[in-house]
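One structure below.
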Amino acid sequence: MTARPETRKAESTPAAAPDTYELDPSEIECIESLLAELRRATAVWDENALIQTAHIHGGLLPKRLLCVLSDFRRFGNAEGVLTLRNLPVAEELPPTPSTPESVADSCTPSVAALLLVMSRLGDPIAYAEEKHGALVHDICPMPGEEDQQQNTGSVYFKLHSENAFLEHRPDFIGLLCLREDHDRLATSITSSIRQALPLLTDEQVAVLRESRFRTRLAPSFCRDGREQVYLPPAPVLSGSEWTPNLCVDFDDTAPCDEVARTAFNALHEALQKVRREVVLRPGDLSIVDNTTTVHGRGAFTPKYDGKDRWLQRLFVVTSIRSALEQIEPGSVYRCSTAAQ
């Protein structure tokens with residue numbers, strides 16, 4: 001007799017990573033030293049060298065933190081997000097960037113912290129068509145783009161898998177807070193399929209596993225005039241029965257028929273019921289499991305006074321090998337998606 005999925009899960013699931021990890025003073029001191037070493041070793045901005053050096057130095061992070069990151073990489077958790085608190089990235093910040101294509105161009109403490117931590121989860125990846133293929137992105141509100149469903153907007157940002165239309169989309173997303181919004185209203189929203197799945201019927205899950213949903217390119221990939229086309233139909237759920245993968249964008253994914261639409265709406269409702277909202281503080285790093293979890297952002301009102309909300313973002317895949325044919329010559333991380 002085959003055990004029900006719930007029984008197999010209870011019997012075989014390894015201990016999951018926590019959803020929050022707060023660095024203690026000794027760990028902060030250790031990380032401060034590693035950040036200084038990494039910045040000295042990469043005084044000249046070379047993203048390829050920075051990735052290699054950060055990978056090596058990342059192995060020297062505090063042991064307890066390394067164990068948590070290892071557990072999250074291998075086993076995940078029910079919430080689909082791990083938030084690290086008290087990363088020592090505070091320094092006198094410049095004004096919040098105010099141009100859509102703003103990216104990091106030097107190894108600041110925040111960039112060093114992102115690379116050190118995220119390198120324990122896999123290999124950094126970026127996309128030539130988004131922010132010119134830069135390694136670390138600035139995530140800030142932009143004048144005139146308030147209503148946009150992308151990272152430059154300030155309206156409610158709908159739940160989505162990052163780059164759901166890509167074959168080699170990120171497995172993990174690192175979002176490091178440098179500055180909060182003025183009113184502390186810009187919540188970081190996450191919702192995991194592991195928690196939403198029990199709210200769906202078997203019939204709905206079966207439909208969601210069929211190729212009945214089309215996803216279009218994200219607007220951030222179309223700033224050069226590229227058409228925001230839809231890809232061929234694909235499922236939004238895949239993988240194992242009790243820990244499926246989720247790939248969906250509730251702004252850019254469209255059901256192909258009414259039965260698919262009903263299941264799609266049920267999925268959205270279930271994810272909304274289990275969503276988590278957190279206002280990130282400076283020094284908080286939210287690591288989202290992009291294979292199981294959608295994310296979004298609460299609405300807020302930017303003032304464009306140089307003190308608006310500012311995050312920095314880094315993408316990671318568990319292994320860059322599967323994307324090697326799309327990695328640009330001379331780069332170890334920049335993927336070209338033009339031919340996809």
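Chains: A, B, ... in order of the structure tokens. Residues: from 1 per chain. Ligands: from 1, in order shown.
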
Test item: residues at most 9 Å from range 331-333 of chain A, only C-alpha atoms, excluding those fewer than 5 positions along its chain, as number ranges by chain: A: 47-48, 51, 123-127, 133, 135, 320, 324

Selection file, N, CA, C and O atoms, as an mmCIF file, in the first residue's frame:
```cif
data_model
loop_
_atom_site.group_PDB
_atom_site.id
_atom_site.type_symbol
_atom_site.label_atom_id
_atom_site.label_comp_id
_atom_site.auth_asym_id
_atom_site.auth_seq_id
_atom_site.Cartn_x
_atom_site.Cartn_y
_atom_site.Cartn_z
ATOM 1 N N GLU A 47 33.620 42.057 -11.683
ATOM 2 C CA GLU A 47 32.551 41.210 -11.163
ATOM 3 C C GLU A 47 32.917 39.728 -11.172
ATOM 4 O O GLU A 47 32.552 38.984 -10.257
ATOM 5 N N ASN A 48 33.645 39.265 -12.205
ATOM 6 C CA ASN A 48 34.063 37.870 -12.234
ATOM 7 C C ASN A 48 34.968 37.536 -11.054
ATOM 8 O O ASN A 48 34.784 36.513 -10.373
ATOM 9 N N ILE A 51 33.003 37.500 -7.677
ATOM 10 C CA ILE A 51 32.239 36.268 -7.450
ATOM 11 C C ILE A 51 33.147 35.161 -6.914
ATOM 12 O O ILE A 51 32.809 34.475 -5.944
ATOM 13 N N ASP A 123 25.420 29.773 -7.343
ATOM 14 C CA ASP A 123 26.206 30.621 -8.237
ATOM 15 C C ASP A 123 25.408 31.856 -8.645
ATOM 16 O O ASP A 123 24.270 31.735 -9.106
ATOM 17 N N PRO A 124 25.987 33.041 -8.529
ATOM 18 C CA PRO A 124 25.296 34.247 -8.996
ATOM 19 C C PRO A 124 24.983 34.167 -10.489
ATOM 20 O O PRO A 124 25.730 33.581 -11.269
ATOM 21 N N ILE A 125 23.846 34.765 -10.851
ATOM 22 C CA ILE A 125 23.453 34.835 -12.252
ATOM 23 C C ILE A 125 22.771 36.181 -12.489
ATOM 24 O O ILE A 125 22.147 36.742 -11.581
ATOM 25 N N ALA A 126 22.937 36.726 -13.682
ATOM 26 C CA ALA A 126 22.241 37.942 -14.091
ATOM 27 C C ALA A 126 21.885 37.787 -15.559
ATOM 28 O O ALA A 126 22.333 36.835 -16.226
ATOM 29 N N TYR A 127 21.085 38.722 -16.080
ATOM 30 C CA TYR A 127 20.538 38.583 -17.424
ATOM 31 C C TYR A 127 20.849 39.838 -18.223
ATOM 32 O O TYR A 127 20.555 40.964 -17.793
ATOM 33 N N GLY A 133 22.650 43.474 -17.529
ATOM 34 C CA GLY A 133 23.371 42.295 -17.067
ATOM 35 C C GLY A 133 24.209 42.531 -15.838
ATOM 36 O O GLY A 133 25.109 41.734 -15.539
ATOM 37 N N LEU A 135 25.519 42.632 -11.986
ATOM 38 C CA LEU A 135 25.495 41.594 -10.959
ATOM 39 C C LEU A 135 24.546 41.952 -9.822
ATOM 40 O O LEU A 135 23.722 41.130 -9.397
ATOM 41 N N ILE A 320 25.436 26.933 -11.948
ATOM 42 C CA ILE A 320 25.457 27.668 -13.209
ATOM 43 C C ILE A 320 25.619 26.732 -14.404
ATOM 44 O O ILE A 320 25.417 27.134 -15.552
ATOM 45 N N LEU A 324 25.244 27.261 -18.904
ATOM 46 C CA LEU A 324 26.528 27.626 -19.506
ATOM 47 C C LEU A 324 26.415 28.008 -20.982
ATOM 48 O O LEU A 324 27.119 28.904 -21.452
#
```

For Thr42 in chain A, list every protein, DNA or RNA residue within 12 Å, evaluated using only C-alpha atoms, and leave out those in the same chain fewer than 3 positions away; present the list as an mmCIF file with C-alpha atoms, in the first residue's frame.
```cif
data_model
loop_
_atom_site.group_PDB
_atom_site.id
_atom_site.type_symbol
_atom_site.label_atom_id
_atom_site.label_comp_id
_atom_site.auth_asym_id
_atom_site.auth_seq_id
_atom_site.Cartn_x
_atom_site.Cartn_y
_atom_site.Cartn_z
ATOM 1 C CA LEU A 35 33.575 42.240 4.560
ATOM 2 C CA ALA A 36 36.724 44.296 5.035
ATOM 3 C CA GLU A 37 38.887 41.469 3.648
ATOM 4 C CA LEU A 38 36.656 41.010 0.605
ATOM 5 C CA ARG A 39 36.602 44.731 -0.133
ATOM 6 C CA TRP A 45 35.675 46.491 -9.719
ATOM 7 C CA ASP A 46 35.795 43.156 -11.532
ATOM 8 C CA GLU A 47 32.551 41.210 -11.163
ATOM 9 C CA ASN A 48 34.063 37.870 -12.234
ATOM 10 C CA ALA A 49 36.852 38.170 -9.671
ATOM 11 C CA LEU A 50 34.417 39.376 -7.020
ATOM 12 C CA ILE A 51 32.239 36.268 -7.450
ATOM 13 C CA GLN A 52 35.244 33.945 -7.101
ATOM 14 C CA THR A 53 36.676 35.770 -4.090
ATOM 15 C CA ALA A 54 33.299 35.975 -2.347
ATOM 16 C CA HIS A 57 35.569 34.034 1.731
ATOM 17 C CA ASP A 105 29.518 49.516 -9.528
ATOM 18 C CA SER A 106 31.800 49.089 -6.500
ATOM 19 C CA CYS A 107 32.239 46.636 -3.663
ATOM 20 C CA THR A 108 30.447 48.527 -0.904
ATOM 21 C CA PRO A 109 29.749 46.758 2.419
ATOM 22 C CA VAL A 111 27.474 44.394 -2.045
ATOM 23 C CA ALA A 112 30.136 42.428 -0.177
#
```

Just the residues within 9 Å of range 114-122 of chain A, please, counting only C-alpha atoms, with nothing from its chain fewer than 5 positions along; format it as a ChimeraX atom specification. /A:34-35,38,50-51,53-59,61,66,69-70,72-74,109,136,171-176,285,287,312-320

Give me the residues within 10 Å of Phe221 in chain A as a short mmCIF file (atom, residue, chain, number, x, y, z; two decimals) with C-alpha atoms, in the first residue's frame, counting only C-alpha atoms and dropping any in the same chain fewer than 5 places off.
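Everything below was put into selection.cif:
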```cif
data_model
loop_
_atom_site.label_atom_id
_atom_site.label_comp_id
_atom_site.auth_asym_id
_atom_site.auth_seq_id
_atom_site.Cartn_x
_atom_site.Cartn_y
_atom_site.Cartn_z
CA TYR A 127 20.54 38.58 -17.42
CA ALA A 128 21.93 40.76 -20.20
CA GLU A 129 18.49 42.13 -21.06
CA GLU A 130 17.78 43.34 -17.52
CA LYS A 131 19.73 46.29 -16.09
CA HIS A 132 22.46 45.62 -18.67
CA ASN A 163 11.51 35.92 -14.11
CA ARG A 226 11.47 44.38 -27.02
CA GLU A 227 7.91 43.08 -27.37
CA GLN A 228 6.36 41.65 -24.19
CA THR A 337 18.19 35.30 -23.04
CA ALA A 338 17.70 36.85 -26.48
#
```

Within 8 Å of range 26-30 of chain A using only C-alpha atoms, minus same-chain residues under 5 positions, as an MDAnalysis selection string: chainID A and resid 61:62 86:88

Can I get the selection written as a compact mmCIF listing (two decimals), in the first residue's frame, with N, CA, C and O atoms?
```
# COMPACT_ATOMS: atom_id res chain seq x y z
N LEU A 61 32.32 32.31 6.90
CA LEU A 61 31.23 32.87 7.70
C LEU A 61 31.05 32.06 8.98
O LEU A 61 31.48 30.90 9.07
N PRO A 62 30.43 32.65 10.02
CA PRO A 62 30.22 31.92 11.28
C PRO A 62 29.55 30.57 11.06
O PRO A 62 28.64 30.44 10.23
N ASN A 86 20.48 41.99 11.10
CA ASN A 86 21.67 42.62 11.71
C ASN A 86 22.94 42.46 10.87
O ASN A 86 24.05 42.51 11.43
N LEU A 87 22.81 42.25 9.56
CA LEU A 87 24.02 42.25 8.76
C LEU A 87 24.69 43.63 8.86
O LEU A 87 24.02 44.67 8.76
N PRO A 88 26.00 43.66 9.07
CA PRO A 88 26.68 44.94 9.30
C PRO A 88 26.99 45.70 8.01
O PRO A 88 28.14 45.80 7.58
```

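You will find CA of Trp310 in chain A at 25.4 Å from CA of Pro18 in chain A.
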
Compile the contact shell of Val229 in chain A as a PyMOL selection string: residues with an atom at most 9 Å away, counting only C-alpha atoms, same-chain residues fewer than 6 positions apart removed. chain A and resi 215-217

Just the selected residues (C-alpha atoms), exported as a tab-separated table (two decimals), in the first residue's frame, please.
```tsv
chain	number	residue	atom	x	y	z
A	215	THR	CA	3.57	33.67	-19.28
A	216	ARG	CA	4.91	36.76	-21.01
A	217	LEU	CA	8.22	38.56	-20.69
```

Selection: 8 Å around range 90-93 of chain A, only C-alpha atoms, excl. self and same-chain fewer than 3 positions, as a PDB file with all heavy atoms, in the first residue's frame:
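In the end it all went to part17.pdb:
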```pdb
ATOM      1  N   PRO A 109      30.060  47.790   1.422  1.00  0.00           N
ATOM      2  CA  PRO A 109      29.749  46.758   2.419  1.00  0.00           C
ATOM      3  C   PRO A 109      28.494  45.960   2.091  1.00  0.00           C
ATOM      4  O   PRO A 109      28.455  44.741   2.327  1.00  0.00           O
ATOM      5  CB  PRO A 109      29.587  47.577   3.706  1.00  0.00           C
ATOM      6  CG  PRO A 109      30.471  48.756   3.511  1.00  0.00           C
ATOM      7  CD  PRO A 109      30.348  49.094   2.049  1.00  0.00           C
ATOM      8  N   SER A 110      27.469  46.613   1.555  1.00  0.00           N
ATOM      9  CA  SER A 110      26.239  45.888   1.239  1.00  0.00           C
ATOM     10  C   SER A 110      26.449  44.901   0.094  1.00  0.00           C
ATOM     11  O   SER A 110      25.947  43.768   0.137  1.00  0.00           O
ATOM     12  CB  SER A 110      25.114  46.869   0.903  1.00  0.00           C
ATOM     13  OG  SER A 110      25.469  47.712  -0.177  1.00  0.00           O
ATOM     14  N   LEU A 178      18.865  48.516   2.548  1.00  0.00           N
ATOM     15  CA  LEU A 178      19.777  49.584   2.951  1.00  0.00           C
ATOM     16  C   LEU A 178      19.026  50.722   3.626  1.00  0.00           C
ATOM     17  O   LEU A 178      19.538  51.367   4.536  1.00  0.00           O
ATOM     18  CB  LEU A 178      20.544  50.132   1.743  1.00  0.00           C
ATOM     19  CG  LEU A 178      21.764  49.343   1.261  1.00  0.00           C
ATOM     20  CD1 LEU A 178      21.374  47.968   0.747  1.00  0.00           C
ATOM     21  CD2 LEU A 178      22.505  50.115   0.176  1.00  0.00           C
ATOM     22  N   PRO A 282      17.023  48.248   7.727  1.00  0.00           N
ATOM     23  CA  PRO A 282      18.407  48.258   7.237  1.00  0.00           C
ATOM     24  C   PRO A 282      19.225  47.149   7.894  1.00  0.00           C
ATOM     25  O   PRO A 282      19.172  46.958   9.113  1.00  0.00           O
ATOM     26  CB  PRO A 282      18.903  49.649   7.652  1.00  0.00           C
ATOM     27  CG  PRO A 282      17.669  50.493   7.649  1.00  0.00           C
ATOM     28  CD  PRO A 282      16.577  49.594   8.164  1.00  0.00           C
ATOM     29  N   GLY A 283      19.933  46.387   7.069  1.00  0.00           N
ATOM     30  CA  GLY A 283      20.693  45.250   7.565  1.00  0.00           C
ATOM     31  C   GLY A 283      19.955  43.937   7.500  1.00  0.00           C
ATOM     32  O   GLY A 283      20.524  42.882   7.799  1.00  0.00           O
TER      33      GLY A 283
END
```

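Of the residues under consideration (A:Ala104, A:Ile139, A:Ala113, A:Leu159), A:Leu159 shows the shortest atom-to-atom contact distance to Leu246 in chain A when counting only C-alpha atoms.
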
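Of note, CA of Ser161 in chain A and CA of Leu185 in chain A are spaced 21.9 Å apart.
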
Hey, what does DSSP flag as strand (DSSP E or B) within range 101-321 of chain A? Can you give it to me as a PyMOL selection string? chain A and resi 103+123-127+137-139+157-160+172-179+188-192+213-216+230+234+237-239+244-246+249+253-255+276-278+285-289+293-297+310-317

Mind dumping a table of every range 216-324 of chain A residue within 6 Å of range 77-82 of chain A, with the nearest atom pair and its distance in Å to one decimal, using only C-alpha atoms, sorted by chain and rising number, as JSON lines?
```
{"residue": "A:Ser286", "atom": "CA", "partner": "A:Leu82", "partner_atom": "CA", "distance": 5.9}
{"residue": "A:Ile287", "atom": "CA", "partner": "A:Leu82", "partner_atom": "CA", "distance": 5.1}
{"residue": "A:Val288", "atom": "CA", "partner": "A:Val81", "partner_atom": "CA", "distance": 4.5}
{"residue": "A:Asp289", "atom": "CA", "partner": "A:Gly80", "partner_atom": "CA", "distance": 5.2}
{"residue": "A:Thr293", "atom": "CA", "partner": "A:Gly80", "partner_atom": "CA", "distance": 5.4}
```

DSSP-assigned helix (DSSP H, G or I) members of range 164-270 of chain A, reported as a PyMOL selection string: chain A and resi 193-199+202-208+219-221+258-270

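Take CA of Thr190 in chain A and CA of Val248 in chain A: the distance between them is 13.2 Å.
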
Have a look at A:Arg281, A:Pro97, A:His168, A:Thr83 and name the one nearest to Ile327 in chain A; count only C-alpha atoms. A:His168

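For the set A:Ser98, A:Val259, A:Asp71, A:Val89, the residue with the smallest atom-to-atom gap to Ser33 in chain A is A:Val89, counting only C-alpha atoms.
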
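Here the question is which of A:Glu162, A:Glu258, A:Asp249, A:Glu180 gets nearest to Val279 in chain A using only C-alpha atoms, and that residue is A:Glu180.
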